[in-house]
>>> print(open('run.txt').read())   # compact mmCIF, N, CA, C and O atoms
# COMPACT_ATOMS: atom_id res chain seq x y z
N MET N 1 -0.22 18.86 -62.60
CA MET N 1 -0.22 20.26 -62.99
C MET N 1 -1.29 20.48 -64.05
O MET N 1 -1.42 19.70 -64.99
N ASN N 2 -2.04 21.56 -63.89
CA ASN N 2 -3.11 21.89 -64.84
C ASN N 2 -2.53 22.32 -66.18
O ASN N 2 -1.47 22.94 -66.24
N LYS N 3 -3.24 22.01 -67.23
CA LYS N 3 -2.87 22.49 -68.56
C LYS N 3 -3.30 23.95 -68.68
O LYS N 3 -4.06 24.45 -67.87
N ILE N 4 -2.83 24.60 -69.76
CA ILE N 4 -3.12 26.02 -69.98
C ILE N 4 -3.79 26.20 -71.34
O ILE N 4 -3.30 25.69 -72.35
N ALA N 5 -4.88 26.97 -71.34
CA ALA N 5 -5.55 27.34 -72.58
C ALA N 5 -5.41 28.85 -72.77
O ALA N 5 -5.68 29.62 -71.85
N LEU N 6 -4.97 29.27 -73.95
CA LEU N 6 -4.95 30.67 -74.31
C LEU N 6 -6.16 30.90 -75.20
O LEU N 6 -6.30 30.24 -76.24
N ILE N 7 -7.03 31.81 -74.77
CA ILE N 7 -8.28 32.04 -75.49
C ILE N 7 -8.34 33.50 -75.95
O ILE N 7 -8.34 34.41 -75.12
N THR N 8 -8.37 33.70 -77.25
CA THR N 8 -8.51 35.06 -77.78
C THR N 8 -9.99 35.37 -77.95
O THR N 8 -10.82 34.47 -78.07
N GLY N 9 -10.30 36.65 -77.96
CA GLY N 9 -11.70 37.06 -78.07
C GLY N 9 -12.49 36.62 -76.85
O GLY N 9 -13.67 36.28 -76.95
N ALA N 10 -11.84 36.64 -75.70
CA ALA N 10 -12.41 36.04 -74.48
C ALA N 10 -13.36 36.95 -73.72
O ALA N 10 -13.98 36.51 -72.75
N SER N 11 -13.52 38.18 -74.11
CA SER N 11 -14.32 39.10 -73.30
C SER N 11 -15.82 38.95 -73.52
O SER N 11 -16.62 39.42 -72.71
N ASN N 12 -16.23 38.29 -74.59
CA ASN N 12 -17.65 38.15 -74.93
C ASN N 12 -17.92 36.84 -75.65
O ASN N 12 -17.00 36.18 -76.12
N GLY N 13 -19.19 36.53 -75.76
CA GLY N 13 -19.67 35.48 -76.65
C GLY N 13 -19.02 34.13 -76.48
O GLY N 13 -18.82 33.63 -75.37
N ILE N 14 -18.66 33.52 -77.61
CA ILE N 14 -18.10 32.18 -77.63
C ILE N 14 -16.80 32.11 -76.84
O ILE N 14 -16.58 31.16 -76.09
N GLY N 15 -15.93 33.10 -76.98
CA GLY N 15 -14.66 33.09 -76.25
C GLY N 15 -14.87 33.06 -74.74
O GLY N 15 -14.20 32.32 -74.02
N LYS N 16 -15.80 33.85 -74.27
CA LYS N 16 -16.11 33.89 -72.84
C LYS N 16 -16.66 32.55 -72.38
O LYS N 16 -16.26 32.02 -71.34
N GLU N 17 -17.57 31.97 -73.14
CA GLU N 17 -18.15 30.68 -72.77
C GLU N 17 -17.10 29.58 -72.78
O GLU N 17 -17.10 28.70 -71.92
N LEU N 18 -16.19 29.62 -73.74
CA LEU N 18 -15.11 28.63 -73.77
C LEU N 18 -14.20 28.78 -72.56
O LEU N 18 -13.71 27.78 -72.02
N ALA N 19 -13.99 30.00 -72.10
CA ALA N 19 -13.19 30.21 -70.89
C ALA N 19 -13.83 29.51 -69.70
O ALA N 19 -13.15 28.84 -68.91
N TYR N 20 -15.15 29.62 -69.57
CA TYR N 20 -15.86 28.93 -68.49
C TYR N 20 -15.77 27.41 -68.63
O TYR N 20 -15.59 26.70 -67.64
N ILE N 21 -15.86 26.91 -69.84
CA ILE N 21 -15.79 25.46 -70.06
C ILE N 21 -14.41 24.93 -69.69
O ILE N 21 -14.29 23.92 -68.97
N PHE N 22 -13.36 25.60 -70.15
CA PHE N 22 -12.01 25.14 -69.81
C PHE N 22 -11.77 25.24 -68.31
O PHE N 22 -11.21 24.32 -67.70
N ALA N 23 -12.19 26.32 -67.69
CA ALA N 23 -12.01 26.49 -66.24
C ALA N 23 -12.76 25.42 -65.46
O ALA N 23 -12.24 24.87 -64.49
N ALA N 24 -13.97 25.10 -65.90
CA ALA N 24 -14.76 24.07 -65.22
C ALA N 24 -14.08 22.71 -65.30
O ALA N 24 -14.27 21.86 -64.43
N ASN N 25 -13.26 22.52 -66.32
CA ASN N 25 -12.50 21.29 -66.49
C ASN N 25 -11.08 21.40 -65.92
O ASN N 25 -10.20 20.63 -66.28
N GLN N 26 -10.90 22.38 -65.03
CA GLN N 26 -9.63 22.58 -64.31
C GLN N 26 -8.45 22.85 -65.23
O GLN N 26 -7.32 22.44 -64.97
N THR N 27 -8.70 23.58 -66.30
CA THR N 27 -7.64 24.06 -67.18
C THR N 27 -7.40 25.52 -66.86
O THR N 27 -8.35 26.31 -66.84
N ASN N 28 -6.16 25.88 -66.57
CA ASN N 28 -5.82 27.28 -66.35
C ASN N 28 -5.99 28.04 -67.66
O ASN N 28 -5.84 27.46 -68.74
N VAL N 29 -6.30 29.33 -67.55
CA VAL N 29 -6.57 30.10 -68.76
C VAL N 29 -5.78 31.40 -68.80
O VAL N 29 -5.51 32.02 -67.77
N ILE N 30 -5.41 31.77 -70.00
CA ILE N 30 -4.87 33.09 -70.31
C ILE N 30 -5.86 33.68 -71.30
O ILE N 30 -6.07 33.13 -72.39
N LEU N 31 -6.48 34.77 -70.91
CA LEU N 31 -7.54 35.38 -71.72
C LEU N 31 -6.99 36.60 -72.45
O LEU N 31 -6.26 37.41 -71.87
N VAL N 32 -7.35 36.74 -73.71
CA VAL N 32 -6.87 37.85 -74.54
C VAL N 32 -8.06 38.53 -75.19
O VAL N 32 -8.93 37.88 -75.77
N ALA N 33 -8.10 39.85 -75.05
CA ALA N 33 -9.13 40.67 -75.71
C ALA N 33 -8.70 42.13 -75.59
O ALA N 33 -7.70 42.45 -74.96
N ARG N 34 -9.50 43.02 -76.16
CA ARG N 34 -9.19 44.45 -76.11
C ARG N 34 -9.79 45.13 -74.88
O ARG N 34 -9.30 46.16 -74.46
N ASN N 35 -10.84 44.57 -74.31
CA ASN N 35 -11.57 45.22 -73.23
C ASN N 35 -11.05 44.76 -71.87
O ASN N 35 -11.42 43.70 -71.36
N GLU N 36 -10.19 45.58 -71.26
CA GLU N 36 -9.56 45.20 -69.99
C GLU N 36 -10.57 45.03 -68.86
O GLU N 36 -10.46 44.10 -68.06
N GLU N 37 -11.56 45.88 -68.80
CA GLU N 37 -12.56 45.80 -67.73
C GLU N 37 -13.27 44.44 -67.75
O GLU N 37 -13.44 43.79 -66.70
N LYS N 38 -13.68 44.01 -68.92
CA LYS N 38 -14.34 42.71 -69.04
C LYS N 38 -13.39 41.56 -68.73
O LYS N 38 -13.78 40.55 -68.14
N LEU N 39 -12.14 41.69 -69.15
CA LEU N 39 -11.15 40.65 -68.87
C LEU N 39 -10.89 40.52 -67.37
O LEU N 39 -10.77 39.40 -66.85
N ILE N 40 -10.79 41.64 -66.68
CA ILE N 40 -10.57 41.60 -65.22
C ILE N 40 -11.73 40.89 -64.54
O ILE N 40 -11.52 40.01 -63.69
N GLN N 41 -12.94 41.25 -64.91
CA GLN N 41 -14.12 40.65 -64.30
C GLN N 41 -14.17 39.14 -64.56
O GLN N 41 -14.41 38.34 -63.65
N LEU N 42 -13.93 38.75 -65.80
CA LEU N 42 -13.97 37.33 -66.15
C LEU N 42 -12.86 36.56 -65.44
O LEU N 42 -13.11 35.48 -64.89
N THR N 43 -11.67 37.10 -65.43
CA THR N 43 -10.54 36.45 -64.76
C THR N 43 -10.84 36.23 -63.29
O THR N 43 -10.64 35.13 -62.75
N ASP N 44 -11.33 37.26 -62.63
CA ASP N 44 -11.67 37.15 -61.20
C ASP N 44 -12.76 36.10 -60.97
O ASP N 44 -12.67 35.30 -60.04
N ASN N 45 -13.79 36.10 -61.81
CA ASN N 45 -14.88 35.12 -61.68
C ASN N 45 -14.37 33.69 -61.83
O ASN N 45 -14.76 32.80 -61.07
N LEU N 46 -13.52 33.46 -62.81
CA LEU N 46 -13.02 32.11 -63.06
C LEU N 46 -12.16 31.61 -61.90
O LEU N 46 -12.26 30.45 -61.49
N LYS N 47 -11.30 32.48 -61.39
CA LYS N 47 -10.46 32.11 -60.24
C LYS N 47 -11.32 31.73 -59.04
O LYS N 47 -11.07 30.71 -58.39
N LEU N 48 -12.29 32.56 -58.76
CA LEU N 48 -13.14 32.35 -57.60
C LEU N 48 -14.03 31.11 -57.75
O LEU N 48 -14.11 30.28 -56.85
N GLN N 49 -14.65 30.97 -58.89
CA GLN N 49 -15.61 29.89 -59.10
C GLN N 49 -14.95 28.53 -59.27
O GLN N 49 -15.47 27.52 -58.80
N TYR N 50 -13.78 28.48 -59.92
CA TYR N 50 -13.19 27.20 -60.27
C TYR N 50 -11.83 26.93 -59.62
O TYR N 50 -11.24 25.87 -59.85
N ASN N 51 -11.32 27.87 -58.86
CA ASN N 51 -10.05 27.71 -58.17
C ASN N 51 -8.93 27.29 -59.14
O ASN N 51 -8.20 26.32 -58.92
N ILE N 52 -8.82 28.04 -60.22
CA ILE N 52 -7.77 27.81 -61.22
C ILE N 52 -6.90 29.05 -61.29
O ILE N 52 -7.22 30.09 -60.71
N GLU N 53 -5.80 28.95 -62.03
CA GLU N 53 -5.00 30.12 -62.34
C GLU N 53 -5.56 30.74 -63.60
O GLU N 53 -5.78 30.06 -64.60
N ALA N 54 -5.84 32.03 -63.54
CA ALA N 54 -6.37 32.75 -64.69
C ALA N 54 -5.67 34.09 -64.78
O ALA N 54 -5.48 34.77 -63.77
N SER N 55 -5.27 34.43 -65.98
CA SER N 55 -4.63 35.74 -66.20
C SER N 55 -5.16 36.28 -67.53
O SER N 55 -5.86 35.59 -68.26
N TYR N 56 -4.81 37.52 -67.80
CA TYR N 56 -5.29 38.12 -69.04
C TYR N 56 -4.22 39.01 -69.65
O TYR N 56 -3.30 39.48 -68.96
N LEU N 57 -4.35 39.21 -70.94
CA LEU N 57 -3.50 40.13 -71.70
C LEU N 57 -4.42 40.99 -72.56
O LEU N 57 -5.26 40.46 -73.29
N VAL N 58 -4.27 42.29 -72.44
CA VAL N 58 -5.05 43.20 -73.27
C VAL N 58 -4.30 43.38 -74.58
O VAL N 58 -3.13 43.78 -74.58
N ALA N 59 -4.96 43.06 -75.68
CA ALA N 59 -4.31 43.18 -76.98
C ALA N 59 -5.35 43.26 -78.08
O ALA N 59 -6.42 42.67 -77.99
N ASP N 60 -4.99 43.99 -79.13
CA ASP N 60 -5.76 44.04 -80.36
C ASP N 60 -5.00 43.18 -81.36
O ASP N 60 -3.94 43.57 -81.85
N LEU N 61 -5.51 42.00 -81.63
CA LEU N 61 -4.79 41.04 -82.46
C LEU N 61 -4.75 41.40 -83.93
O LEU N 61 -4.08 40.72 -84.71
N SER N 62 -5.42 42.47 -84.32
CA SER N 62 -5.27 42.94 -85.70
C SER N 62 -3.96 43.71 -85.87
O SER N 62 -3.56 44.00 -86.99
N ASP N 63 -3.27 43.99 -84.77
CA ASP N 63 -1.98 44.68 -84.78
C ASP N 63 -0.89 43.63 -84.56
O ASP N 63 -0.75 43.08 -83.47
N ILE N 64 -0.11 43.36 -85.60
CA ILE N 64 0.92 42.32 -85.54
C ILE N 64 1.92 42.55 -84.41
O ILE N 64 2.41 41.60 -83.81
N LYS N 65 2.20 43.80 -84.09
CA LYS N 65 3.14 44.08 -83.00
C LYS N 65 2.60 43.60 -81.66
O LYS N 65 3.35 43.11 -80.82
N GLN N 66 1.29 43.71 -81.48
CA GLN N 66 0.70 43.25 -80.23
C GLN N 66 0.68 41.72 -80.16
O GLN N 66 0.88 41.15 -79.08
N THR N 67 0.48 41.06 -81.28
CA THR N 67 0.53 39.59 -81.28
C THR N 67 1.95 39.11 -80.98
O THR N 67 2.14 38.15 -80.23
N GLU N 68 2.93 39.79 -81.54
CA GLU N 68 4.32 39.44 -81.27
C GLU N 68 4.66 39.66 -79.79
O GLU N 68 5.39 38.86 -79.19
N GLN N 69 4.11 40.70 -79.19
CA GLN N 69 4.36 40.97 -77.78
C GLN N 69 3.78 39.87 -76.89
O GLN N 69 4.40 39.49 -75.90
N ILE N 70 2.63 39.34 -77.26
CA ILE N 70 2.06 38.23 -76.50
C ILE N 70 3.02 37.05 -76.54
O ILE N 70 3.32 36.44 -75.51
N TYR N 71 3.52 36.73 -77.71
CA TYR N 71 4.47 35.62 -77.85
C TYR N 71 5.71 35.87 -76.99
O TYR N 71 6.16 34.97 -76.26
N LYS N 72 6.24 37.07 -77.04
CA LYS N 72 7.44 37.40 -76.25
C LYS N 72 7.16 37.28 -74.76
O LYS N 72 7.99 36.76 -74.01
N ASN N 73 6.00 37.78 -74.32
CA ASN N 73 5.65 37.70 -72.90
C ASN N 73 5.56 36.25 -72.44
O ASN N 73 6.10 35.89 -71.39
N LEU N 74 4.89 35.42 -73.20
CA LEU N 74 4.74 34.01 -72.82
C LEU N 74 6.08 33.29 -72.85
O LEU N 74 6.39 32.50 -71.96
N SER N 75 6.88 33.58 -73.85
CA SER N 75 8.19 32.94 -73.96
C SER N 75 9.11 33.34 -72.81
O SER N 75 9.78 32.49 -72.23
N SER N 76 9.11 34.61 -72.47
CA SER N 76 9.99 35.08 -71.39
C SER N 76 9.59 34.50 -70.03
O SER N 76 10.43 34.36 -69.14
N GLU N 77 8.33 34.14 -69.88
CA GLU N 77 7.84 33.55 -68.62
C GLU N 77 7.88 32.01 -68.69
O GLU N 77 7.44 31.35 -67.75
N ASN N 78 8.38 31.46 -69.80
CA ASN N 78 8.41 30.01 -70.02
C ASN N 78 7.04 29.37 -69.86
O ASN N 78 6.90 28.30 -69.29
N ILE N 79 6.03 30.04 -70.39
CA ILE N 79 4.66 29.53 -70.34
C ILE N 79 4.40 28.70 -71.59
O ILE N 79 4.54 29.18 -72.71
N LYS N 80 4.04 27.45 -71.37
CA LYS N 80 3.70 26.54 -72.47
C LYS N 80 2.19 26.47 -72.57
O LYS N 80 1.51 26.07 -71.63
N VAL N 81 1.67 26.87 -73.70
CA VAL N 81 0.23 26.83 -73.95
C VAL N 81 -0.12 25.47 -74.52
O VAL N 81 0.45 25.04 -75.53
N ASP N 82 -1.06 24.80 -73.86
CA ASP N 82 -1.49 23.48 -74.32
C ASP N 82 -2.61 23.57 -75.35
O ASP N 82 -2.72 22.72 -76.23
N TYR N 83 -3.48 24.57 -75.19
CA TYR N 83 -4.62 24.75 -76.09
C TYR N 83 -4.67 26.20 -76.55
O TYR N 83 -4.62 27.10 -75.72
N LEU N 84 -4.78 26.41 -77.85
CA LEU N 84 -4.97 27.75 -78.40
C LEU N 84 -6.35 27.81 -79.03
O LEU N 84 -6.65 27.07 -79.96
N ILE N 85 -7.18 28.69 -78.47
CA ILE N 85 -8.51 28.91 -79.03
C ILE N 85 -8.48 30.31 -79.63
O ILE N 85 -8.55 31.31 -78.92
N ASN N 86 -8.34 30.38 -80.94
CA ASN N 86 -8.23 31.66 -81.63
C ASN N 86 -9.62 32.10 -82.06
O ASN N 86 -10.08 31.79 -83.15
N ASN N 87 -10.27 32.83 -81.18
CA ASN N 87 -11.66 33.23 -81.37
C ASN N 87 -11.80 34.73 -81.64
O ASN N 87 -12.89 35.24 -81.74
N ALA N 88 -10.69 35.44 -81.74
CA ALA N 88 -10.75 36.89 -81.93
C ALA N 88 -11.37 37.21 -83.28
O ALA N 88 -11.12 36.54 -84.28
N GLY N 89 -12.19 38.23 -83.30
CA GLY N 89 -12.81 38.68 -84.53
C GLY N 89 -12.63 40.18 -84.68
O GLY N 89 -12.20 40.86 -83.77
N PHE N 90 -12.98 40.67 -85.84
CA PHE N 90 -12.82 42.12 -86.06
C PHE N 90 -14.06 42.75 -86.68
O PHE N 90 -14.00 43.82 -87.26
N GLY N 91 -15.20 42.08 -86.55
CA GLY N 91 -16.46 42.70 -86.97
C GLY N 91 -16.71 42.72 -88.46
O GLY N 91 -17.47 43.55 -88.94
N HIS N 92 -16.09 41.83 -89.21
CA HIS N 92 -16.34 41.74 -90.64
C HIS N 92 -17.20 40.51 -90.87
O HIS N 92 -16.76 39.38 -90.65
N TRP N 93 -18.44 40.72 -91.29
CA TRP N 93 -19.42 39.65 -91.36
C TRP N 93 -19.65 39.17 -92.78
O TRP N 93 -19.49 39.93 -93.73
N GLY N 94 -20.06 37.92 -92.91
CA GLY N 94 -20.46 37.38 -94.19
C GLY N 94 -19.87 36.02 -94.44
O GLY N 94 -19.03 35.54 -93.68
N PHE N 95 -20.34 35.39 -95.50
CA PHE N 95 -19.77 34.11 -95.90
C PHE N 95 -18.36 34.37 -96.43
O PHE N 95 -18.13 35.30 -97.23
N PHE N 96 -17.42 33.57 -95.99
CA PHE N 96 -16.01 33.80 -96.29
C PHE N 96 -15.75 34.08 -97.77
O PHE N 96 -15.08 35.06 -98.11
N PRO N 97 -16.26 33.26 -98.70
CA PRO N 97 -15.95 33.52 -100.11
C PRO N 97 -16.53 34.83 -100.63
O PRO N 97 -16.07 35.37 -101.64
N ASP N 98 -17.55 35.35 -99.93
CA ASP N 98 -18.20 36.58 -100.39
C ASP N 98 -17.63 37.85 -99.76
O ASP N 98 -18.03 38.94 -100.11
N THR N 99 -16.70 37.69 -98.81
CA THR N 99 -16.16 38.86 -98.12
C THR N 99 -15.04 39.50 -98.92
O THR N 99 -14.41 38.88 -99.77
N ASP N 100 -14.80 40.75 -98.62
CA ASP N 100 -13.79 41.55 -99.32
C ASP N 100 -12.39 41.12 -98.87
O ASP N 100 -12.05 41.20 -97.70
N TRP N 101 -11.57 40.67 -99.81
CA TRP N 101 -10.22 40.20 -99.52
C TRP N 101 -9.40 41.29 -98.82
O TRP N 101 -8.66 41.01 -97.88
N GLU N 102 -9.49 42.51 -99.26
CA GLU N 102 -8.71 43.60 -98.67
C GLU N 102 -9.06 43.79 -97.19
O GLU N 102 -8.19 44.04 -96.38
N LYS N 103 -10.33 43.71 -96.86
CA LYS N 103 -10.74 43.87 -95.46
C LYS N 103 -10.24 42.72 -94.60
O LYS N 103 -9.91 42.89 -93.44
N ARG N 104 -10.19 41.51 -95.15
CA ARG N 104 -9.75 40.34 -94.40
C ARG N 104 -8.25 40.36 -94.14
O ARG N 104 -7.78 39.77 -93.17
N THR N 105 -7.48 41.00 -95.01
CA THR N 105 -6.03 40.93 -94.90
C THR N 105 -5.39 42.23 -94.47
O THR N 105 -4.18 42.29 -94.27
N SER N 106 -6.17 43.27 -94.29
CA SER N 106 -5.63 44.58 -93.95
C SER N 106 -5.20 44.63 -92.49
O SER N 106 -5.85 44.06 -91.62
N ASN N 107 -4.11 45.29 -92.20
CA ASN N 107 -3.65 45.51 -90.82
C ASN N 107 -4.10 46.86 -90.30
O ASN N 107 -3.64 47.32 -89.27
N ASP N 108 -4.99 47.53 -91.00
CA ASP N 108 -5.47 48.85 -90.56
C ASP N 108 -6.48 48.72 -89.46
O ASP N 108 -7.23 47.84 -89.33
>>> encode(input="run.txt", output="structure tokens")
Amino acid sequence: MNKIALITGASNGIGKELAYIFAANQTNVILVARNEEKLIQLTDNLKLQYNIEASYLVADLSDIKQTEQIYKNLSSENIKVDYLINNAGFGHWGFFPDTDWEKRTSND
């Protein structure tokens, strides 16, 4: 049985590339991002190209309720995630020590 990787921030950039890497290594993927159109396209491509199971969840991980819903959905389906790639970002740039604490911790 294939292992499962849950990849956040999967619609673009590093998250998208990691999805391809895991799929190429026959790891099933659950992709999480805010852009459903991009997630659908990526999920379909991975299934077709690598013959794996791929699914997606649309969520904004800056909203704690949406992160809790992901956990509930996976738990109710008895899905065990083998790899968690937490790549989601929120567009706040800079060296970590130089960034604004309030912006890093705000749920707004």
>>> select_by_dssp(input="run.txt", residues="chain N", states="strand (DSSP E or B)", output="JSON, numbers by chain")
{"N": [4, 5, 6, 7, 8, 28, 29, 30, 31, 32, 33, 54, 55, 56, 57, 58, 83, 84, 85]}
>>> select_by_dssp(input="run.txt", residues="chain N", states="helix (DSSP H, G or I)", output="count of residues only")
48
>>> residues_around(input="run.txt", residues="Glu53 in chain N", least_positions_apart="5", cutoff="8 Å", atoms="all atoms listed in the file", output="VMD selection string")
chain N and resid 3 to 5 23 26 to 31 43 46 to 47
>>> atom_distance(input="run.txt", atom1="CA of Leu74 in chain N", atom2="atom N of Val58 in chain N")
12.2 Å
>>> atom_distance(input="run.txt", atom1="atom O of Leu42 in chain N", atom2="atom N of Ile85 in chain N")
16.3 Å
>>> atom_distance(input="run.txt", atom1="CA of Thr8 in chain N", atom2="atom C of Ala88 in chain N")
6.6 Å
>>> build_atoms(input="run.txt", residues="range 69-78 of chain N", atoms="all heavy atoms", output="PDB file, in the coordinates of the input")
ATOM      1  N   GLN N  69       4.110  40.700 -79.190  1.00  0.00           N
ATOM      2  CA  GLN N  69       4.360  40.970 -77.780  1.00  0.00           C
ATOM      3  C   GLN N  69       3.780  39.870 -76.890  1.00  0.00           C
ATOM      4  O   GLN N  69       4.400  39.490 -75.900  1.00  0.00           O
ATOM      5  CB  GLN N  69       3.790  42.336 -77.382  1.00  0.00           C
ATOM      6  CG  GLN N  69       4.224  42.781 -76.007  1.00  0.00           C
ATOM      7  CD  GLN N  69       5.744  42.909 -75.881  1.00  0.00           C
ATOM      8  OE1 GLN N  69       6.401  43.516 -76.723  1.00  0.00           O
ATOM      9  NE2 GLN N  69       6.304  42.305 -74.864  1.00  0.00           N
ATOM     10  N   ILE N  70       2.630  39.340 -77.260  1.00  0.00           N
ATOM     11  CA  ILE N  70       2.060  38.230 -76.500  1.00  0.00           C
ATOM     12  C   ILE N  70       3.020  37.050 -76.540  1.00  0.00           C
ATOM     13  O   ILE N  70       3.320  36.440 -75.510  1.00  0.00           O
ATOM     14  CB  ILE N  70       0.681  37.826 -77.060  1.00  0.00           C
ATOM     15  CG1 ILE N  70      -0.353  38.910 -76.736  1.00  0.00           C
ATOM     16  CG2 ILE N  70       0.240  36.468 -76.502  1.00  0.00           C
ATOM     17  CD1 ILE N  70      -1.682  38.716 -77.420  1.00  0.00           C
ATOM     18  N   TYR N  71       3.520  36.730 -77.710  1.00  0.00           N
ATOM     19  CA  TYR N  71       4.470  35.620 -77.850  1.00  0.00           C
ATOM     20  C   TYR N  71       5.710  35.870 -76.990  1.00  0.00           C
ATOM     21  O   TYR N  71       6.160  34.970 -76.260  1.00  0.00           O
ATOM     22  CB  TYR N  71       4.860  35.430 -79.319  1.00  0.00           C
ATOM     23  CG  TYR N  71       5.941  34.406 -79.484  1.00  0.00           C
ATOM     24  CD1 TYR N  71       5.639  33.050 -79.399  1.00  0.00           C
ATOM     25  CD2 TYR N  71       7.257  34.794 -79.697  1.00  0.00           C
ATOM     26  CE1 TYR N  71       6.641  32.098 -79.532  1.00  0.00           C
ATOM     27  CE2 TYR N  71       8.263  33.845 -79.824  1.00  0.00           C
ATOM     28  CZ  TYR N  71       7.949  32.505 -79.737  1.00  0.00           C
ATOM     29  OH  TYR N  71       8.946  31.559 -79.854  1.00  0.00           O
ATOM     30  N   LYS N  72       6.240  37.070 -77.040  1.00  0.00           N
ATOM     31  CA  LYS N  72       7.440  37.400 -76.250  1.00  0.00           C
ATOM     32  C   LYS N  72       7.160  37.280 -74.760  1.00  0.00           C
ATOM     33  O   LYS N  72       7.990  36.760 -74.010  1.00  0.00           O
ATOM     34  CB  LYS N  72       7.933  38.802 -76.597  1.00  0.00           C
ATOM     35  CG  LYS N  72       8.562  38.907 -77.963  1.00  0.00           C
ATOM     36  CD  LYS N  72       8.953  40.329 -78.288  1.00  0.00           C
ATOM     37  CE  LYS N  72       9.448  40.439 -79.713  1.00  0.00           C
ATOM     38  NZ  LYS N  72       9.740  41.824 -80.095  1.00  0.00           N
ATOM     39  N   ASN N  73       6.000  37.780 -74.320  1.00  0.00           N
ATOM     40  CA  ASN N  73       5.650  37.700 -72.900  1.00  0.00           C
ATOM     41  C   ASN N  73       5.560  36.250 -72.440  1.00  0.00           C
ATOM     42  O   ASN N  73       6.100  35.890 -71.390  1.00  0.00           O
ATOM     43  CB  ASN N  73       4.315  38.395 -72.619  1.00  0.00           C
ATOM     44  CG  ASN N  73       4.387  39.897 -72.739  1.00  0.00           C
ATOM     45  OD1 ASN N  73       5.458  40.482 -72.817  1.00  0.00           O
ATOM     46  ND2 ASN N  73       3.236  40.528 -72.773  1.00  0.00           N
ATOM     47  N   LEU N  74       4.890  35.420 -73.200  1.00  0.00           N
ATOM     48  CA  LEU N  74       4.740  34.010 -72.820  1.00  0.00           C
ATOM     49  C   LEU N  74       6.080  33.290 -72.850  1.00  0.00           C
ATOM     50  O   LEU N  74       6.390  32.500 -71.960  1.00  0.00           O
ATOM     51  CB  LEU N  74       3.740  33.314 -73.739  1.00  0.00           C
ATOM     52  CG  LEU N  74       2.302  33.831 -73.683  1.00  0.00           C
ATOM     53  CD1 LEU N  74       1.444  33.134 -74.733  1.00  0.00           C
ATOM     54  CD2 LEU N  74       1.703  33.672 -72.308  1.00  0.00           C
ATOM     55  N   SER N  75       6.880  33.580 -73.850  1.00  0.00           N
ATOM     56  CA  SER N  75       8.190  32.940 -73.960  1.00  0.00           C
ATOM     57  C   SER N  75       9.110  33.340 -72.810  1.00  0.00           C
ATOM     58  O   SER N  75       9.780  32.490 -72.230  1.00  0.00           O
ATOM     59  CB  SER N  75       8.869  33.316 -75.284  1.00  0.00           C
ATOM     60  OG  SER N  75       8.156  32.786 -76.362  1.00  0.00           O
ATOM     61  N   SER N  76       9.110  34.610 -72.470  1.00  0.00           N
ATOM     62  CA  SER N  76       9.990  35.080 -71.390  1.00  0.00           C
ATOM     63  C   SER N  76       9.590  34.500 -70.030  1.00  0.00           C
ATOM     64  O   SER N  76      10.430  34.360 -69.140  1.00  0.00           O
ATOM     65  CB  SER N  76      10.023  36.605 -71.330  1.00  0.00           C
ATOM     66  OG  SER N  76       8.790  37.110 -70.869  1.00  0.00           O
ATOM     67  N   GLU N  77       8.330  34.140 -69.880  1.00  0.00           N
ATOM     68  CA  GLU N  77       7.840  33.550 -68.620  1.00  0.00           C
ATOM     69  C   GLU N  77       7.880  32.010 -68.690  1.00  0.00           C
ATOM     70  O   GLU N  77       7.440  31.350 -67.750  1.00  0.00           O
ATOM     71  CB  GLU N  77       6.400  34.004 -68.359  1.00  0.00           C
ATOM     72  CG  GLU N  77       6.223  35.491 -68.265  1.00  0.00           C
ATOM     73  CD  GLU N  77       6.393  36.011 -66.854  1.00  0.00           C
ATOM     74  OE1 GLU N  77       6.188  35.223 -65.921  1.00  0.00           O
ATOM     75  OE2 GLU N  77       6.729  37.182 -66.707  1.00  0.00           O
ATOM     76  N   ASN N  78       8.380  31.460 -69.800  1.00  0.00           N
ATOM     77  CA  ASN N  78       8.410  30.010 -70.020  1.00  0.00           C
ATOM     78  C   ASN N  78       7.040  29.370 -69.860  1.00  0.00           C
ATOM     79  O   ASN N  78       6.900  28.300 -69.290  1.00  0.00           O
ATOM     80  CB  ASN N  78       9.420  29.335 -69.089  1.00  0.00           C
ATOM     81  CG  ASN N  78      10.837  29.663 -69.464  1.00  0.00           C
ATOM     82  OD1 ASN N  78      11.167  29.752 -70.642  1.00  0.00           O
ATOM     83  ND2 ASN N  78      11.678  29.879 -68.470  1.00  0.00           N
TER      84      ASN N  78
END
